[in-house]
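A.B. asks: Sending over structure_26.tsv (TSV, C-alpha atoms).
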```
chain	number	residue	atom	x	y	z
X	1	MET	CA	123.95	158.01	143.31
X	2	SER	CA	121.30	159.88	145.35
X	3	ASP	CA	121.32	158.83	148.99
X	4	VAL	CA	117.97	158.10	150.70
X	5	ARG	CA	119.50	156.79	153.89
X	6	GLY	CA	116.96	156.71	156.71
X	7	ARG	CA	113.97	157.35	154.45
X	8	VAL	CA	111.21	154.76	154.53
X	9	CYS	CA	110.24	153.59	151.05
X	10	LEU	CA	107.36	151.23	150.26
X	11	VAL	CA	107.42	149.52	146.85
X	12	THR	CA	104.35	147.56	145.80
X	13	GLY	CA	104.68	144.59	143.48
X	14	ALA	CA	108.31	144.23	144.53
X	15	THR	CA	108.73	140.49	143.99
X	16	ASP	CA	109.49	140.58	140.28
X	17	GLY	CA	110.37	142.70	137.27
X	18	HIS	CA	110.25	146.49	137.53
X	19	GLY	CA	109.17	146.60	141.19
X	20	ARG	CA	111.94	144.25	142.30
X	21	ALA	CA	114.50	146.34	140.41
X	22	VAL	CA	113.22	149.57	142.00
X	23	ALA	CA	113.35	147.98	145.47
X	24	ARG	CA	116.92	146.74	144.98
X	25	ALA	CA	118.05	150.15	143.74
X	26	LEU	CA	116.48	151.96	146.70
X	27	ALA	CA	118.06	149.48	149.11
X	28	ARG	CA	121.49	150.17	147.59
X	29	ARG	CA	120.89	153.86	148.25
X	30	GLY	CA	120.30	153.21	151.95
X	31	ALA	CA	116.50	153.28	152.13
X	32	GLU	CA	114.56	151.75	155.00
X	33	LEU	CA	112.73	149.48	152.63
X	34	VAL	CA	109.30	147.84	152.81
X	35	ILE	CA	108.47	145.43	149.99
X	36	HIS	CA	104.94	144.42	149.08
X	37	GLY	CA	103.76	141.25	147.40
X	38	ARG	CA	100.89	138.82	147.56
X	39	SER	CA	103.10	135.71	147.88
X	40	GLU	CA	105.01	135.31	151.13
X	41	GLU	CA	107.39	132.86	149.46
X	42	LYS	CA	108.33	135.38	146.77
X	43	CYS	CA	108.63	138.21	149.30
X	44	ARG	CA	110.96	136.13	151.46
X	45	ARG	CA	113.10	135.31	148.43
X	46	VAL	CA	113.48	139.00	147.49
X	47	GLN	CA	114.02	139.89	151.15
X	48	ARG	CA	116.97	137.45	151.32
X	49	GLU	CA	118.34	138.71	148.02
X	50	ILE	CA	118.30	142.34	149.10
X	51	ALA	CA	119.79	141.50	152.50
X	52	ALA	CA	122.65	139.62	150.81
X	53	GLU	CA	123.34	142.62	148.57
X	54	ASN	CA	123.34	145.12	151.44
X	55	GLY	CA	125.41	143.68	154.23
X	56	GLY	CA	122.55	141.82	155.87
X	57	LYS	CA	120.18	144.80	156.04
X	58	SER	CA	116.82	143.21	155.43
X	59	PRO	CA	113.68	144.93	154.11
X	60	GLU	CA	110.36	144.49	155.85
X	61	ILE	CA	107.48	142.72	154.14
X	62	LEU	CA	103.89	143.83	153.59
X	63	LEU	CA	101.68	141.01	152.30
X	64	CYS	CA	98.48	141.89	150.47
X	65	ASP	CA	96.34	140.72	147.58
X	66	PHE	CA	95.43	143.91	145.72
X	67	ALA	CA	92.39	142.21	144.19
X	68	SER	CA	90.69	142.52	147.59
X	69	ARG	CA	89.42	145.82	148.98
X	70	GLU	CA	89.36	144.43	152.52
X	71	ALA	CA	92.92	143.12	152.21
X	72	ILE	CA	94.16	146.56	151.13
X	73	ASP	CA	92.52	148.18	154.14
X	74	ARG	CA	94.14	145.59	156.43
X	75	ALA	CA	97.57	146.12	154.87
X	76	ALA	CA	97.31	149.90	155.21
X	77	SER	CA	96.27	149.53	158.85
X	78	GLN	CA	99.14	147.12	159.45
X	79	PHE	CA	101.62	149.62	158.04
X	80	ALA	CA	100.14	152.52	160.02
X	81	SER	CA	100.04	150.56	163.29
X	82	ALA	CA	103.79	149.93	163.09
X	83	GLY	CA	104.30	153.65	163.71
X	84	ARG	CA	106.98	154.15	161.07
X	85	PRO	CA	107.02	157.20	158.79
X	86	LEU	CA	106.54	156.91	155.02
X	87	HIS	CA	108.65	159.07	152.75
X	88	VAL	CA	108.30	157.32	149.38
X	89	LEU	CA	105.42	155.25	148.03
X	90	VAL	CA	106.01	153.53	144.69
X	91	ASN	CA	102.72	152.18	143.36
X	92	ASN	CA	104.08	149.57	140.97
X	93	ALA	CA	101.93	146.43	141.42
X	94	GLY	CA	99.83	145.40	138.45
X	95	LEU	CA	98.65	142.57	136.27
X	96	VAL	CA	97.40	141.76	132.78
X	97	SER	CA	94.34	139.54	132.43
X	98	LEU	CA	93.85	137.93	129.03
X	99	ALA	CA	90.24	137.04	129.86
X	100	ARG	CA	87.74	139.21	131.71
X	101	GLN	CA	87.66	138.32	135.41
X	102	LEU	CA	86.00	139.81	138.47
X	103	ASN	CA	87.37	140.23	141.98
X	104	ALA	CA	85.45	139.33	145.14
X	105	GLU	CA	83.59	142.67	145.04
X	106	GLY	CA	82.46	142.07	141.45
X	107	ILE	CA	84.88	144.61	139.91
X	108	GLU	CA	86.75	143.84	136.71
X	109	LEU	CA	90.13	142.54	137.84
X	110	THR	CA	92.54	144.74	135.87
X	111	PHE	CA	90.73	147.93	136.88
X	112	ALA	CA	90.64	146.72	140.50
X	113	VAL	CA	94.33	145.80	140.80
X	114	ASP	CA	96.03	148.23	138.41
X	115	TYR	CA	94.04	151.34	139.34
X	116	LEU	CA	91.60	151.09	142.24
X	117	ALA	CA	94.23	149.49	144.49
X	118	VAL	CA	96.52	152.45	143.77
X	119	PHE	CA	93.73	154.89	144.66
X	120	GLN	CA	92.74	153.03	147.82
X	121	LEU	CA	96.20	152.29	149.21
X	122	THR	CA	97.48	155.78	148.51
X	123	LEU	CA	94.59	157.52	150.24
X	124	ARG	CA	94.74	155.11	153.20
X	125	LEU	CA	98.46	155.86	153.64
X	126	LEU	CA	98.17	159.57	152.85
X	127	PRO	CA	97.94	160.71	156.50
X	128	ARG	CA	101.28	159.02	157.19
X	129	LEU	CA	102.83	160.53	154.05
X	130	LEU	CA	101.66	164.00	155.09
X	131	GLU	CA	103.07	163.50	158.59
X	132	SER	CA	106.39	162.41	157.06
X	133	ALA	CA	106.68	165.26	154.54
X	134	PRO	CA	108.59	165.94	152.43
X	135	ALA	CA	107.32	162.76	150.82
X	136	ARG	CA	106.86	161.41	147.31
X	137	ILE	CA	104.28	159.25	145.54
X	138	ILE	CA	105.29	157.58	142.27
X	139	ASN	CA	102.55	155.88	140.26
X	140	VAL	CA	103.60	153.48	137.53
X	141	SER	CA	101.59	154.21	134.40
X	142	SER	CA	102.09	153.38	130.73
X	143	ASP	CA	101.89	155.15	127.39
X	144	THR	CA	99.10	152.74	126.53
X	145	TYR	CA	96.81	155.26	128.27
X	146	ARG	CA	96.84	157.18	124.97
X	147	ILE	CA	94.63	154.59	123.30
X	148	ALA	CA	92.16	154.43	126.17
X	149	LYS	CA	88.85	156.07	126.95
X	150	LEU	CA	86.99	156.27	130.25
X	151	ASP	CA	83.44	155.17	129.54
X	152	PHE	CA	81.51	155.72	132.76
X	153	ASP	CA	78.60	153.73	131.38
X	154	ASP	CA	80.88	150.68	131.11
X	155	LEU	CA	83.83	151.08	133.50
X	156	GLN	CA	83.83	147.31	134.02
X	157	LEU	CA	84.24	146.59	130.29
X	158	GLU	CA	81.26	144.28	130.16
X	159	ARG	CA	81.08	145.05	126.44
X	160	GLY	CA	83.99	144.35	124.12
X	161	TYR	CA	86.60	143.28	126.66
X	162	SER	CA	90.20	142.87	125.59
X	163	PHE	CA	93.26	142.70	127.81
X	164	MET	CA	94.77	145.74	126.09
X	165	ARG	CA	91.62	147.86	126.49
X	166	ALA	CA	91.47	146.92	130.17
X	167	TYR	CA	95.16	147.60	130.78
X	168	ALA	CA	95.20	150.90	128.86
X	169	ARG	CA	92.05	152.12	130.62
X	170	SER	CA	93.55	151.37	134.06
X	171	LYS	CA	96.66	153.36	133.12
X	172	LEU	CA	94.59	156.29	131.88
X	173	ALA	CA	92.77	156.28	135.22
X	174	THR	CA	96.11	156.13	137.04
X	175	THR	CA	97.41	159.11	135.06
X	176	TYR	CA	94.28	161.13	135.83
X	177	PHE	CA	94.55	160.19	139.51
X	178	THR	CA	98.17	161.32	139.56
X	179	LEU	CA	97.36	164.76	138.16
X	180	GLU	CA	94.26	165.19	140.33
X	181	LEU	CA	95.96	164.13	143.58
X	182	ALA	CA	98.93	166.38	142.81
X	183	ARG	CA	96.50	169.28	142.40
X	184	ARG	CA	94.71	168.50	145.67
X	185	LEU	CA	97.99	168.17	147.61
X	186	GLU	CA	99.71	171.24	146.19
X	187	GLY	CA	101.78	172.97	148.87
X	188	ARG	CA	101.34	170.22	151.48
X	189	GLY	CA	104.78	168.63	151.14
X	190	VAL	CA	103.78	165.48	149.24
X	191	THR	CA	104.54	165.29	145.53
X	192	VAL	CA	102.77	162.96	143.10
X	193	ASN	CA	104.21	161.91	139.75
X	194	ALA	CA	103.60	159.18	137.19
X	195	VAL	CA	106.23	157.17	135.37
X	196	ASP	CA	106.15	154.96	132.31
X	197	PRO	CA	109.04	152.48	132.57
X	198	GLY	CA	108.47	151.38	128.99
X	199	PRO	CA	108.39	147.69	128.03
X	200	VAL	CA	109.94	145.54	130.73
X	201	ALA	CA	111.23	141.96	130.65
X	202	SER	CA	109.01	140.69	133.48
X	203	ASN	CA	106.37	138.17	134.50
X	204	ILE	CA	103.49	140.67	134.62
X	205	GLY	CA	101.09	138.26	132.91
X	206	ALA	CA	102.03	135.20	134.97
X	207	ASN	CA	98.55	135.12	136.52
X	208	ASN	CA	97.18	133.91	133.17
X	209	PRO	CA	96.93	130.14	132.70
X	210	GLY	CA	97.28	128.32	129.43
X	211	LEU	CA	99.42	128.08	126.34
X	212	ALA	CA	99.18	131.71	125.19
X	213	TYR	CA	101.11	133.10	128.14
X	214	ARG	CA	103.65	130.27	128.07
X	215	LEU	CA	104.40	131.07	124.43
X	216	VAL	CA	104.61	134.85	124.85
X	217	SER	CA	106.48	135.00	128.17
X	218	PRO	CA	109.93	133.89	126.87
X	219	LEU	CA	109.70	136.45	124.05
X	220	ILE	CA	108.92	139.24	126.53
X	221	ARG	CA	111.90	138.36	128.71
X	222	HIS	CA	114.21	138.06	125.70
X	223	LEU	CA	113.20	141.11	123.65
X	224	PHE	CA	112.28	143.74	126.24
X	225	PRO	CA	114.76	145.85	128.27
X	226	SER	CA	115.93	144.51	131.62
X	227	PRO	CA	114.01	145.55	134.74
X	228	GLY	CA	117.11	147.30	136.09
X	229	ARG	CA	117.31	149.53	133.07
X	230	ALA	CA	113.55	150.18	133.02
X	231	ALA	CA	113.58	151.12	136.72
X	232	ARG	CA	115.93	154.08	136.36
X	233	THR	CA	113.22	156.72	135.90
X	234	ALA	CA	111.15	155.60	138.91
X	235	VAL	CA	114.31	155.52	141.04
X	236	MET	CA	115.17	159.02	139.84
X	237	LEU	CA	111.73	160.28	140.86
X	238	ALA	CA	112.08	158.63	144.27
X	239	THR	CA	115.58	159.87	145.06
X	240	ASP	CA	116.74	162.90	143.05
X	241	PRO	CA	116.91	165.93	145.37
X	242	LYS	CA	116.33	168.22	142.39
X	243	LEU	CA	112.83	166.75	142.04
X	244	GLU	CA	111.79	167.24	145.66
X	245	ARG	CA	109.17	169.85	144.73
X	246	GLU	CA	108.24	168.59	141.26
X	247	THR	CA	104.67	167.34	141.20
X	248	GLY	CA	101.93	166.48	138.73
X	249	GLY	CA	104.40	165.22	136.13
X	250	TYR	CA	104.56	162.28	133.76
X	251	TYR	CA	108.05	160.88	133.14
X	252	ARG	CA	109.48	158.47	130.61
X	253	SER	CA	113.11	157.60	129.82
X	254	GLY	CA	114.32	160.03	132.48
X	255	ARG	CA	112.44	163.00	131.04
X	256	LYS	CA	109.30	164.85	131.94
X	257	ARG	CA	106.62	164.91	129.28
X	258	GLU	CA	104.87	168.24	128.98
X	259	ASN	CA	101.06	168.08	128.94
X	260	PRO	CA	100.76	164.27	128.93
X	261	LEU	CA	97.01	164.46	128.34
X	262	ALA	CA	94.32	167.03	127.66
X	263	PHE	CA	93.28	167.21	131.32
X	264	ASP	CA	89.52	167.44	131.75
X	265	PRO	CA	88.65	168.67	135.28
X	266	GLU	CA	85.04	167.47	135.01
X	267	LEU	CA	86.10	163.98	133.90
X	268	SER	CA	88.77	163.88	136.61
X	269	GLU	CA	86.26	164.78	139.30
X	270	ARG	CA	83.83	162.17	138.00
X	271	LEU	CA	86.54	159.50	138.05
X	272	TRP	CA	87.46	160.49	141.60
X	273	ARG	CA	83.86	160.16	142.78
X	274	ALA	CA	83.48	156.77	141.11
X	275	SER	CA	86.77	155.57	142.61
X	276	ALA	CA	85.83	156.76	146.08
X	277	GLU	CA	82.50	154.92	145.83
X	278	LEU	CA	84.13	151.67	144.65
X	279	THR	CA	86.92	151.72	147.25
X	280	ARG	CA	85.00	153.37	150.12
X	281	VAL	CA	87.84	155.80	150.79
X	282	ASP	CA	88.18	159.52	150.07
X	283	LEU	CA	90.21	162.51	151.21
```
Could you render the structure from this file as structure tokens?
C.D. replies:
Amino acid sequence: MSDVRGRVCLVTGATDGHGRAVARALARRGAELVIHGRSEEKCRRVQREIAAENGGKSPEILLCDFASREAIDRAASQFASAGRPLHVLVNNAGLVSLARQLNAEGIELTFAVDYLAVFQLTLRLLPRLLESAPARIINVSSDTYRIAKLDFDDLQLERGYSFMRAYARSKLATTYFTLELARRLEGRGVTVNAVDPGPVASNIGANNPGLAYRLVSPLIRHLFPSPGRAARTAVMLATDPKLERETGGYYRSGRKRENPLAFDPELSERLWRASAELTRVDL
């Protein structure tokens, strides 16, 4: 077990599923843990659970709704104002939206929460990560990115929306962001890697009302691997001393995948510019 005693680790989407499992594992390894969620009730429940498992040592809570650009800025400022370092950032929070929805800024919800929130929060916290180096950023992606395409004429999927197209596109954007940020931070003491935890028995689609989710949810929890098992690769990336200088990688099932995508520098730069415009944050 790799020890991260004294290292401050922030896990987003830590109230359920994969994120909760990652948070619990980091707490067992001695991390100074900060858990993020949008529900205070759920955060308090996980906070009590982790404290009970670790001799009363309680993680801190960062509340934020990642559908809101202003809320993300407030959360990042709240973290920075506390004055603590940041050694590990696990960008895990995400959702699946069966129907096309927009956030308050008029951005398609899956793209906003699963990708743009990762871009915005990471860049807002980057000064603290650089000050705390060596530090690590782990972005949760998915192999669904392989079926996606970034259409800059329709980033909001106004034409032909499906939940899988939206989810896969957000994960392709996350993978591109991982490789691009790793390139831009090369040699500065902050590594950036992506991880696909594989299918996870979780409540990722719980934001969807209606019969469809209620029918599918029990099957997901029954057939898919447990969150604890799925979390092993992200925990490895966050804690393994052998990976301290590894950056720009894509990992699945504990292994690094070589050349995860045919990286297009022009497309990556275009995505970065679009993301900076939508989030109003840049390096």
A.B. asks: Need the shell around X:Gln47: protein/DNA/RNA residues with any atom at most 7 Å away, counting only C-alpha atoms. Skip same-chain ones fewer than 4 positions apart. Format as a list in words?
C.D. replies: Cys43, Ala51, Ser58 and Pro59 of chain X
A.B. asks: Write out as a ChimeraX atom specification the residues lying within 10 Å of X:Leu121, counting all atoms listed in the file and excluding same-chain residues fewer than 2 positions away.
C.D. replies: /X:66,69,72-73,75-76,89,91,116-119,123-126,279,281
A.B. asks: Identify which of the residues X:Gln120, X:Asn193, X:Pro227, X:Asn103 lies closest to X:Glu277, counting only C-alpha atoms when measuring atom-to-atom distances.
C.D. replies: X:Gln120
A.B. asks: Using only C-alpha atoms, list the residues that have an atom at most 10 Å from (119.7, 152.6, 151.4), coordinates as in the file, as number ranges by chain.
C.D. replies: X: 2-9, 23-33, 54, 57
A.B. asks: With all atoms listed in the file as the counted atoms, please give the residues lying no more than 9 Å from X:Leu129, apart from itself and same-chain residues fewer than 6 positions off, as a ChimeraX atom specification.
C.D. replies: /X:85-89,135-137,189-190
A.B. asks: With only C-alpha atoms as the atoms that count, which of X:Cys64, X:Phe111, X:Val235, X:Glu105 lies nearest to X:Arg280?
C.D. replies: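 Checking each candidate against X:Arg280, we get X:Glu105 as the closest.
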A.B. asks: Of the candidates X:Arg38, X:Arg74, X:Arg44, X:Arg169, which shows the shortest atom-to-atom distance to X:Val96, using all atoms listed in the file?
C.D. replies: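 Nearest to X:Val96: X:Arg169.
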A.B. asks: What gap, in Å, lies between atom CA of X:Gly249 and atom CA of X:Ile107?
C.D. replies: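 So the two atoms, atom CA of X:Gly249 and atom CA of X:Ile107, lie 28.6 Å apart.
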A.B. asks: In terms of the shortest atom-to-atom distance over all atoms listed in the file, which of X:Val140, X:Leu102, X:Val195, X:Leu109 is closest to X:Gly13?
C.D. replies: X:Val140
A.B. asks: Between atom CA of X:Tyr250 and atom CA of X:Ala194, what is the distance in Å, rounded to a tenth?
C.D. replies: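 Answer for the atom CA of X:Tyr250 to atom CA of X:Ala194 separation: 4.7 Å.
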A.B. asks: Of the residues X:Glu53, X:Ala21, X:Arg245, X:Asp264, which is the one nearest to X:Leu150, using all atoms listed in the file?
C.D. replies: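 Looking at the shortest contact to X:Leu150, the residue is X:Asp264.
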A.B. asks: At what distance in Å, to one decimal, does atom CA of X:Asp16 lie from atom CA of X:Gly106?
C.D. replies: 27.1 Å
A.B. asks: Quick one: residues within 8 Å of stretch 176-188 of chain X, only C-alpha atoms, excluding same-chain residues fewer than 2 positions away - as a list in words?
C.D. replies: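 Here the qualifying residues turn out to be Phe119, Leu130, Ala133, Asn139, Leu172, Ala173, Thr174, Val190, Thr191, Val192, Asn193, Ala194, Thr247, Gly248, Gly249, Phe263, Ser268 and Trp272 of chain X.
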A.B. asks: With distances taken over only C-alpha atoms, which residue among X:Val11, X:Tyr161, X:Asp282, X:Leu62 lies nearest X:Gln101?
C.D. replies: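 Of X:Val11, X:Tyr161, X:Asp282, X:Leu62, the one nearest X:Gln101 is X:Tyr161, counting only C-alpha atoms.
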A.B. asks: Output, as JSON, the centre and edge lengths in Å (one decimal) of the axis-aligned box that contains all listed atoms of stretch 276-280 of chain X with 4 Å of margin on each side.
C.D. replies:
```
{"center_x": 84.7, "center_y": 154.2, "center_z": 147.4, "size_x": 12.4, "size_y": 13.1, "size_z": 13.5}
```
A.B. asks: Excluding same-chain residues fewer than 5 positions from stretch 253-257 of chain X, what lies within 12 Å of it counting all atoms listed in the file, as a ChimeraX atom specification?
C.D. replies: /X:142-143,193-199,225,229-237,240,243,246-248
